[in-house]
Every structure is written in structure tokens, then in C-alpha cells.
Amino acid sequence: MDSNCQGSAACGRYAPSPTGRLHLGNLQTALLAWLQARLMGGRFILRMDDLDQPRIRPGAQQQILEDLAWMGLDWDEGPDVGGAYGPYLQSQRTRYYAQALDMLGKRKKIFACFCSRKDIALAVGAPHPGDRNQPYPGTCRANLYPGGHQTANPDDKKPLSWRYCVGDRKIVFDDLVRGRQEQDLATDAGDFVVKRKDGQFAYQLTTVVDDGLMGVSDVVRGADLLSSTHRQIALISDLGFSKPRFWHMPLVYDFRNRRMSKRDGSDSLEQWQSAGKTAPQLIGEFAYPLGLIDQPGPLSTQELLASLDSTGFQEALRCLRTGKTAGQWQC
Ligand code: GLU
């Protein structure tokens, strides 16, 4: 697919799912994504990953915009300000995902899959303790598009999903925080869903299409998405997009040592604000443990930006390899 974005200018993005109020870990990631884009002199995009309707919370999108602005971030393109590569709500971009799926189909990269979760569990056998998600066992792979089951049996109303056929590819990339990352897609991920049985396009596809069409050069996000990146790189290459740089930030754990989650309201900005704390205090709390400032203390996003240069910032991020930042904030 053709990226709309001309040239090689830097472009960053923050792409929250409006499933609840942002927690402090989300806000730290947004700040780092913004700093990376701004330090490179690039555009910054705010995109809403609002496809998963049952999980979307009314009012969450507006609250996210307000919280990011409260913290002192700004964006050049987004659902509230528009921009040349919009729309910026995934729910309004399904035509692009459909085009991408069609392109993958023409390249014989996807197949129709009729398996239920139960079928897959039975085919892969009993999971062993410590097993992560079992790769898809390949049951429907013979349906490679376009001569697939759907075409061959037009009367068959059985719901189907579309899976991407990973083949025997190894994907290696250098994450700019976590270093070299390698995955054998067949054994570590398996053929993965790009369009679900309920008709919804899947995260791996939508992210790649949006980042590609919007010309995103730097993907800064939480380390929970690190293992998705190999699958996304396979799609990026098949769809003809340029590969962005990836920066996967350590997850932030709350002071009870639980991974923060929007859904359980952990360490929300609401708690921070109701304790009477300000945005500059929060920026200072983020920046000091990350080594972005030498002395603890409050400062605005603009002051932080002005105090950094891109080489020093990127070096500080590279030092964050531990993967977990525990209990930084207590509201
Ligand atoms: N929407 C995803 C989330 O809120 C992030 C997607 C991404 O950054 O690739 O976790």
C-alpha cells in the first residue's frame, strides 16, 4: 500500500484504546512518544484505537484528550484537530483495513479459518504449565485465498476468520530500548488472525495499516506489545510499508507490584489530581527515575523538552532494559 506520507520526516504517535481513564504508566508512555517525536523535529499524532466496541467506555476518548492536554502534550493530528492522514479514529478507517486485507489476499498471504477456540485447543493438545499462547495448528491453511473455502462453498454460512499465513519466517529487529529481538513466526506466533469472526479487523493489521498510511517513523509503546512486533513487521513488509523504529518501554508496576491496567483504575490521574498534585510534579516524577533530569523536581513538558537533546534522550531510553519499573509513584 502506498504510504500517504512523503519523505523521511520523523513522525511519532500515541494510540490509546479508549477503554478507561489512562493510568500513570500510559501517561509516561505518551510523554516519551511525544518527546521522541518532538526531539526529532517531527509530527506527533494522536490516534484512537476504538475498534473493540464492547471494551470502549463512553466518555473515555474525551477524557484521554483532556488528560494528555492537562499533562502538557500537544499533537499535530488527531480526532479533535483533524489532519492530512485522517480519520484518526480506527472505527472510521475500516475501508483502509479492507483494502489491506484484499491486498494480502491477492498475494495469497491469508486463508479463511473456520476453527473455533475449542477446535484449536483440541488440535494443539493439552497445554503444559508455562506454555504461552499455542501457535495455530494449521487446520485450515489449505484454504489459501482466493481458492478458499469461502469461494468454494458460497452457501456455507459458517462464520470465518481470516488468518495470515506466516510461512517459515524468522523476524529479527533491533528494538531501540530492548535490543535485538528474534522470533520464529511459525513456532512462536503461528498463523494469526487479521480479521475476526465477528467481522472486526484485528489489532495487528489495523496498527500496521494506520502507522504505514500515516507515515509513522517511530513507534514508542509499552513492552506488552513487544512480542506483537514481529508479526507486525511481517505485515509491514507484505503491505509494502517502510518499517518504523520501535521503542518498547518497560511496563510500570504500581506500588502493590501489579501491572497497571486501565480497567481496574490503577494509579489513575484522578487519584493524582485529587491528592492536589500538579502536571509539572508528575512530569518531574516521570523524568527523574528515567534519568532525563539530574535533580528531582517539578517541570513542564516544554521545559523538559528544552532541556534534552535527541542523542541524550535516546541514550537514556536505551538504559531502560530491565523491563520493569516498580512502584515509582504513590499518589
Ligand atoms: N491501542 C493499544 C493500547 O492502548 C496500543 C497500540 C500500539 O501502540 O500499537 O494498548
# chains A, B, ... in the order shown; residues from 1 in each chain; ligands from 1
call {"tool": "residues_around", "arguments": {"residues": "A:Gln36", "least_positions_apart": "3", "cutoff": "9 Å", "atoms": "only C-alpha atoms", "output": "list in words"}}
result
Cys11, Gly12, Leu31, Leu32, Ala33, Leu39, Met40, Gly41, Gly42, Asp218, Val220, Ser310, Phe313 and Gln314 of chain A
call {"tool": "residues_near_ligand", "arguments": {"ligand": "ligand 1", "cutoff": "8 Å", "atoms": "only C-alpha atoms and all ligand atoms", "output": "list in words"}}
result
Arg13, Tyr14, Ala15, Pro16, Ser17, Pro18, Met48, Asp49, Asp50, Tyr203, Thr207, Val219, Val220, Arg221, Gly222 and Leu225 of chain A
call {"tool": "write_last_selection", "arguments": {"atoms": "N, CA, C and O atoms", "output": "JSON list (two decimals), in the first residue's frame"}}
result
[["chain", "number", "residue", "atom", "x", "y", "z"],
["A", 13, "ARG", "N", 3.61, 8.76, 17.31],
["A", 13, "ARG", "CA", 2.18, 8.65, 17.57],
["A", 13, "ARG", "C", 1.94, 8.07, 18.95],
["A", 13, "ARG", "O", 2.80, 7.38, 19.51],
["A", 14, "TYR", "N", 0.77, 8.38, 19.47],
["A", 14, "TYR", "CA", 0.29, 7.69, 20.66],
["A", 14, "TYR", "C", -1.09, 7.18, 20.30],
["A", 14, "TYR", "O", -1.89, 7.93, 19.72],
["A", 15, "ALA", "N", -1.34, 5.90, 20.59],
["A", 15, "ALA", "CA", -2.56, 5.27, 20.07],
["A", 15, "ALA", "C", -3.31, 4.53, 21.18],
["A", 15, "ALA", "O", -3.34, 3.31, 21.22],
["A", 16, "PRO", "N", -3.91, 5.27, 22.09],
["A", 16, "PRO", "CA", -4.60, 4.60, 23.20],
["A", 16, "PRO", "C", -5.91, 3.96, 22.76],
["A", 16, "PRO", "O", -6.52, 4.39, 21.79],
["A", 17, "SER", "N", -6.33, 2.94, 23.51],
["A", 17, "SER", "CA", -7.67, 2.39, 23.33],
["A", 17, "SER", "C", -8.55, 3.05, 24.39],
["A", 17, "SER", "O", -8.20, 3.02, 25.57],
["A", 18, "PRO", "N", -9.67, 3.64, 23.99],
["A", 18, "PRO", "CA", -10.48, 4.36, 24.99],
["A", 18, "PRO", "C", -11.33, 3.42, 25.84],
["A", 18, "PRO", "O", -12.56, 3.45, 25.81],
["A", 48, "MET", "N", -7.01, 7.11, 18.03],
["A", 48, "MET", "CA", -7.80, 6.32, 18.98],
["A", 48, "MET", "C", -8.02, 4.92, 18.43],
["A", 48, "MET", "O", -8.62, 4.76, 17.35],
["A", 49, "ASP", "N", -7.55, 3.94, 19.16],
["A", 49, "ASP", "CA", -7.76, 2.53, 18.78],
["A", 49, "ASP", "C", -9.11, 2.09, 19.36],
["A", 49, "ASP", "O", -9.17, 1.43, 20.40],
["A", 50, "ASP", "N", -10.17, 2.51, 18.68],
["A", 50, "ASP", "CA", -11.51, 2.33, 19.26],
["A", 50, "ASP", "C", -12.33, 1.27, 18.54],
["A", 50, "ASP", "O", -13.54, 1.38, 18.42],
["A", 203, "TYR", "N", -6.12, -6.18, 15.71],
["A", 203, "TYR", "CA", -5.12, -5.17, 16.11],
["A", 203, "TYR", "C", -3.86, -5.21, 15.25],
["A", 203, "TYR", "O", -3.36, -4.16, 14.82],
["A", 207, "THR", "N", -3.05, -1.69, 13.19],
["A", 207, "THR", "CA", -1.92, -0.87, 13.63],
["A", 207, "THR", "C", -0.93, -0.67, 12.49],
["A", 207, "THR", "O", -0.45, 0.44, 12.25],
["A", 219, "VAL", "N", 7.66, 4.16, 16.58],
["A", 219, "VAL", "CA", 6.59, 3.59, 17.39],
["A", 219, "VAL", "C", 7.13, 3.44, 18.82],
["A", 219, "VAL", "O", 8.03, 2.63, 19.06],
["A", 220, "VAL", "N", 6.62, 4.27, 19.70],
["A", 220, "VAL", "CA", 7.02, 4.21, 21.11],
["A", 220, "VAL", "C", 5.81, 3.70, 21.88],
["A", 220, "VAL", "O", 4.75, 4.32, 21.84],
["A", 221, "ARG", "N", 5.93, 2.55, 22.54],
["A", 221, "ARG", "CA", 4.77, 1.98, 23.22],
["A", 221, "ARG", "C", 5.24, 1.04, 24.32],
["A", 221, "ARG", "O", 6.45, 0.80, 24.48],
["A", 222, "GLY", "N", 4.29, 0.46, 25.05],
["A", 222, "GLY", "CA", 4.63, -0.38, 26.19],
["A", 222, "GLY", "C", 5.19, -1.72, 25.76],
["A", 222, "GLY", "O", 4.87, -2.25, 24.68],
["A", 225, "LEU", "N", 3.60, -4.95, 24.11],
["A", 225, "LEU", "CA", 3.37, -5.16, 22.67],
["A", 225, "LEU", "C", 4.64, -5.60, 21.93],
["A", 225, "LEU", "O", 4.62, -5.78, 20.72]]
call {"tool": "select_by_dssp", "arguments": {"residues": "stretch 208-299 of chain A", "states": "strand (DSSP E or B)", "output": "compact mmCIF listing (two decimals) with N, CA and C atoms, in the first residue's frame"}}
result
# COMPACT_ATOMS: atom_id res chain seq x y z
N ASP A 218 8.43 6.37 14.17
CA ASP A 218 8.88 5.91 15.48
C ASP A 218 7.68 5.44 16.29
N VAL A 219 7.66 4.16 16.58
CA VAL A 219 6.59 3.59 17.39
C VAL A 219 7.13 3.44 18.82
N VAL A 220 6.62 4.27 19.70
CA VAL A 220 7.02 4.21 21.11
C VAL A 220 5.81 3.70 21.88
N ARG A 221 5.93 2.55 22.54
CA ARG A 221 4.77 1.98 23.22
C ARG A 221 5.24 1.04 24.32
N GLY A 222 4.29 0.46 25.05
CA GLY A 222 4.63 -0.38 26.19
C GLY A 222 5.19 -1.72 25.76
N ARG A 245 10.99 2.69 13.39
CA ARG A 245 11.85 2.29 14.52
C ARG A 245 10.92 1.95 15.69
N PHE A 246 11.30 0.97 16.46
CA PHE A 246 10.46 0.55 17.59
C PHE A 246 11.18 0.81 18.91
N TRP A 247 10.43 1.35 19.85
CA TRP A 247 10.93 1.63 21.20
C TRP A 247 9.90 1.05 22.16
N HIS A 248 10.23 -0.04 22.82
CA HIS A 248 9.26 -0.63 23.75
C HIS A 248 9.66 -0.32 25.19
N MET A 249 8.81 0.44 25.82
CA MET A 249 9.09 0.97 27.16
C MET A 249 8.77 -0.06 28.24
N LEU A 251 7.20 -1.79 31.32
CA LEU A 251 5.88 -1.61 31.91
C LEU A 251 6.05 -1.03 33.30
N VAL A 252 5.08 -0.26 33.69
CA VAL A 252 5.15 0.34 35.00
C VAL A 252 4.24 -0.45 35.93
N TYR A 253 4.78 -0.80 37.08
CA TYR A 253 4.01 -1.56 38.07
C TYR A 253 3.60 -0.63 39.19
N ARG A 259 0.85 -5.04 37.59
CA ARG A 259 0.95 -4.30 36.34
C ARG A 259 -0.25 -3.36 36.25
N SER A 268 -4.61 6.03 38.78
CA SER A 268 -5.13 6.89 37.74
C SER A 268 -4.74 8.34 38.01
call {"tool": "atom_distance", "arguments": {"atom1": "atom CA of A:Val194", "atom2": "atom CA of A:Ser228"}}
result
12.5 Å
call {"tool": "residues_around", "arguments": {"residues": "A:Pro135", "least_positions_apart": "2", "cutoff": "8 Å", "atoms": "only C-alpha atoms", "output": "JSON, numbers by chain"}}
result
{"A": [133, 137, 186, 187, 188, 189, 190, 191]}
call {"tool": "write_last_selection", "arguments": {"atoms": "all heavy atoms", "output": "CSV table (one decimal), in the first residue's frame"}}
result
chain,number,residue,atom,x,y,z
A,133,ASN,N,0.6,-18.7,24.6
A,133,ASN,CA,-0.4,-19.0,23.6
A,133,ASN,C,0.1,-20.0,22.6
A,133,ASN,O,1.2,-19.9,22.1
A,133,ASN,CB,-0.8,-17.7,22.8
A,133,ASN,CG,-1.7,-16.8,23.6
A,133,ASN,OD1,-2.3,-17.3,24.5
A,133,ASN,ND2,-1.7,-15.6,23.2
A,137,PRO,N,-2.6,-24.5,14.8
A,137,PRO,CA,-2.1,-25.8,14.3
A,137,PRO,C,-2.1,-26.0,12.8
A,137,PRO,O,-1.7,-27.0,12.3
A,137,PRO,CB,-3.0,-26.8,15.0
A,137,PRO,CG,-4.3,-26.1,15.3
A,137,PRO,CD,-3.9,-24.7,15.5
A,186,ALA,N,6.6,-19.2,12.9
A,186,ALA,CA,5.8,-20.4,12.9
A,186,ALA,C,5.7,-21.0,14.3
A,186,ALA,O,4.6,-21.5,14.7
A,186,ALA,CB,6.4,-21.4,11.9
A,187,THR,N,6.8,-21.0,15.0
A,187,THR,CA,6.7,-21.7,16.3
A,187,THR,C,6.4,-20.7,17.4
A,187,THR,O,5.8,-21.1,18.4
A,187,THR,CB,8.1,-22.4,16.6
A,187,THR,OG1,9.1,-21.4,16.5
A,187,THR,CG2,8.4,-23.5,15.7
A,188,ASP,N,6.7,-19.5,17.3
A,188,ASP,CA,6.5,-18.5,18.4
A,188,ASP,C,5.1,-17.8,18.3
A,188,ASP,O,4.6,-17.4,19.3
A,188,ASP,CB,7.6,-17.4,18.5
A,188,ASP,CG,8.9,-18.1,18.8
A,188,ASP,OD1,9.0,-19.2,19.3
A,188,ASP,OD2,10.0,-17.4,18.5
A,189,ALA,N,4.6,-17.7,17.1
A,189,ALA,CA,3.3,-16.9,16.9
A,189,ALA,C,2.3,-17.8,16.2
A,189,ALA,O,1.2,-17.9,16.6
A,189,ALA,CB,3.6,-15.6,16.2
A,190,GLY,N,2.7,-18.4,15.1
A,190,GLY,CA,1.7,-19.2,14.3
A,190,GLY,C,0.9,-18.2,13.4
A,190,GLY,O,1.0,-17.0,13.5
A,191,ASP,N,0.1,-18.9,12.5
A,191,ASP,CA,-0.7,-18.1,11.6
A,191,ASP,C,-1.7,-17.3,12.5
A,191,ASP,O,-2.5,-17.9,13.3
A,191,ASP,CB,-1.5,-19.0,10.7
A,191,ASP,CG,-0.6,-19.8,9.8
A,191,ASP,OD1,0.6,-19.4,9.6
A,191,ASP,OD2,-1.0,-20.9,9.4
call {"tool": "closest_residue", "arguments": {"among": "A:Leu65, A:Arg38, A:Asp119, A:Met1", "to": "A:Gln302", "atoms": "only C-alpha atoms"}}
result
A:Arg38
call {"tool": "closest_residue", "arguments": {"among": "A:Leu239, A:Leu185, A:Leu68, A:Cys319", "to": "A:Lys109", "atoms": "only C-alpha atoms"}}
result
A:Leu239
call {"tool": "residues_around", "arguments": {"residues": "A:Gln62", "least_positions_apart": "5", "cutoff": "10 Å", "atoms": "only C-alpha atoms", "output": "PyMOL selection string"}}
result
chain A and resi 18+21+67+79-80
call {"tool": "write_last_selection", "arguments": {"atoms": "N, CA and C atoms", "output": "PDB file, in the first residue's frame"}}
result
ATOM      1  N   PRO A  18      -9.670   3.643  23.995  1.00  0.00           N
ATOM      2  CA  PRO A  18     -10.481   4.363  24.986  1.00  0.00           C
ATOM      3  C   PRO A  18     -11.330   3.420  25.841  1.00  0.00           C
ATOM      4  N   ARG A  21      -9.910   5.358  31.864  1.00  0.00           N
ATOM      5  CA  ARG A  21      -9.033   6.510  32.042  1.00  0.00           C
ATOM      6  C   ARG A  21      -7.572   6.050  31.995  1.00  0.00           C
ATOM      7  N   ASP A  67      -6.795  14.610  29.496  1.00  0.00           N
ATOM      8  CA  ASP A  67      -5.680  14.251  30.383  1.00  0.00           C
ATOM      9  C   ASP A  67      -4.327  14.497  29.712  1.00  0.00           C
ATOM     10  N   PRO A  79      -8.129  13.129  16.535  1.00  0.00           N
ATOM     11  CA  PRO A  79      -9.570  13.151  16.307  1.00  0.00           C
ATOM     12  C   PRO A  79     -10.193  14.521  16.538  1.00  0.00           C
ATOM     13  N   ASP A  80      -9.598  15.309  17.414  1.00  0.00           N
ATOM     14  CA  ASP A  80     -10.166  16.632  17.698  1.00  0.00           C
ATOM     15  C   ASP A  80      -9.668  17.717  16.756  1.00  0.00           C
TER      16      ASP A  80
END
call {"tool": "residues_around", "arguments": {"residues": "A:Gly86", "least_positions_apart": "3", "cutoff": "10 Å", "atoms": "only C-alpha atoms", "output": "list of chain:residue names"}}
result
A:Ile45, A:Arg47, A:Glu77, A:Gly78, A:Pro79, A:Val81, A:Gly82, A:Gly83, A:Leu89, A:Gln90, A:Gln92, A:Arg93, A:Asp210, A:Leu213, A:Met214
call {"tool": "write_last_selection", "arguments": {"atoms": "C-alpha atoms", "output": "mmCIF file, in the first residue's frame"}}
result
data_model
loop_
_atom_site.group_PDB
_atom_site.id
_atom_site.type_symbol
_atom_site.label_atom_id
_atom_site.label_comp_id
_atom_site.auth_asym_id
_atom_site.auth_seq_id
_atom_site.Cartn_x
_atom_site.Cartn_y
_atom_site.Cartn_z
ATOM 1 C CA ILE A 45 -0.228 12.027 16.004
ATOM 2 C CA ARG A 47 -4.959 8.099 17.200
ATOM 3 C CA GLU A 77 -3.092 15.493 14.101
ATOM 4 C CA GLY A 78 -5.844 13.739 15.987
ATOM 5 C CA PRO A 79 -9.570 13.151 16.307
ATOM 6 C CA VAL A 81 -7.898 18.606 15.332
ATOM 7 C CA GLY A 82 -8.090 16.540 12.129
ATOM 8 C CA GLY A 83 -5.085 16.365 9.803
ATOM 9 C CA LEU A 89 -10.497 7.042 14.929
ATOM 10 C CA GLN A 90 -9.903 3.446 13.890
ATOM 11 C CA GLN A 92 -13.752 5.259 10.804
ATOM 12 C CA ARG A 93 -10.880 3.606 8.930
ATOM 13 C CA ASP A 210 -2.506 3.072 10.255
ATOM 14 C CA LEU A 213 -0.513 5.218 5.917
ATOM 15 C CA MET A 214 0.161 7.938 8.485
#
call {"tool": "residues_around", "arguments": {"residues": "A:Tyr97", "least_positions_apart": "2", "cutoff": "9 Å", "atoms": "only C-alpha atoms", "output": "list in words"}}
result
Arg93, Thr94, Arg95, Gln99, Ala100, Leu101, Asp102, Phe201, Leu205, Thr206, Val209 and Asp210 of chain A
call {"tool": "residues_around", "arguments": {"residues": "A:Ala123", "least_positions_apart": "3", "cutoff": "9 Å", "atoms": "only C-alpha atoms", "output": "CSV table (one decimal) with C-alpha atoms, in the first residue's frame"}}
result
chain,number,residue,atom,x,y,z
A,118,LYS,CA,-12.2,-25.3,21.1
A,119,ASP,CA,-11.1,-26.9,17.8
A,120,ILE,CA,-7.7,-25.2,18.1
A,126,ALA,CA,-3.2,-30.1,26.4
A,136,TYR,CA,-2.4,-22.1,15.4
A,137,PRO,CA,-2.1,-25.8,14.3
A,139,THR,CA,-6.0,-26.9,10.3
call {"tool": "closest_residue", "arguments": {"among": "A:Arg321, A:Tyr88, A:Leu269, A:Gly291", "to": "A:Asp211", "atoms": "only C-alpha atoms"}}
result
A:Tyr88
call {"tool": "closest_residue", "arguments": {"among": "A:Ile110, A:Leu73, A:Leu104, A:Leu176", "to": "A:Pro280", "atoms": "only C-alpha atoms"}}
result
A:Leu73
call {"tool": "atom_distance", "arguments": {"atom1": "atom CA of A:Val177", "atom2": "atom CA of A:Pro250"}}
result
8.7 Å
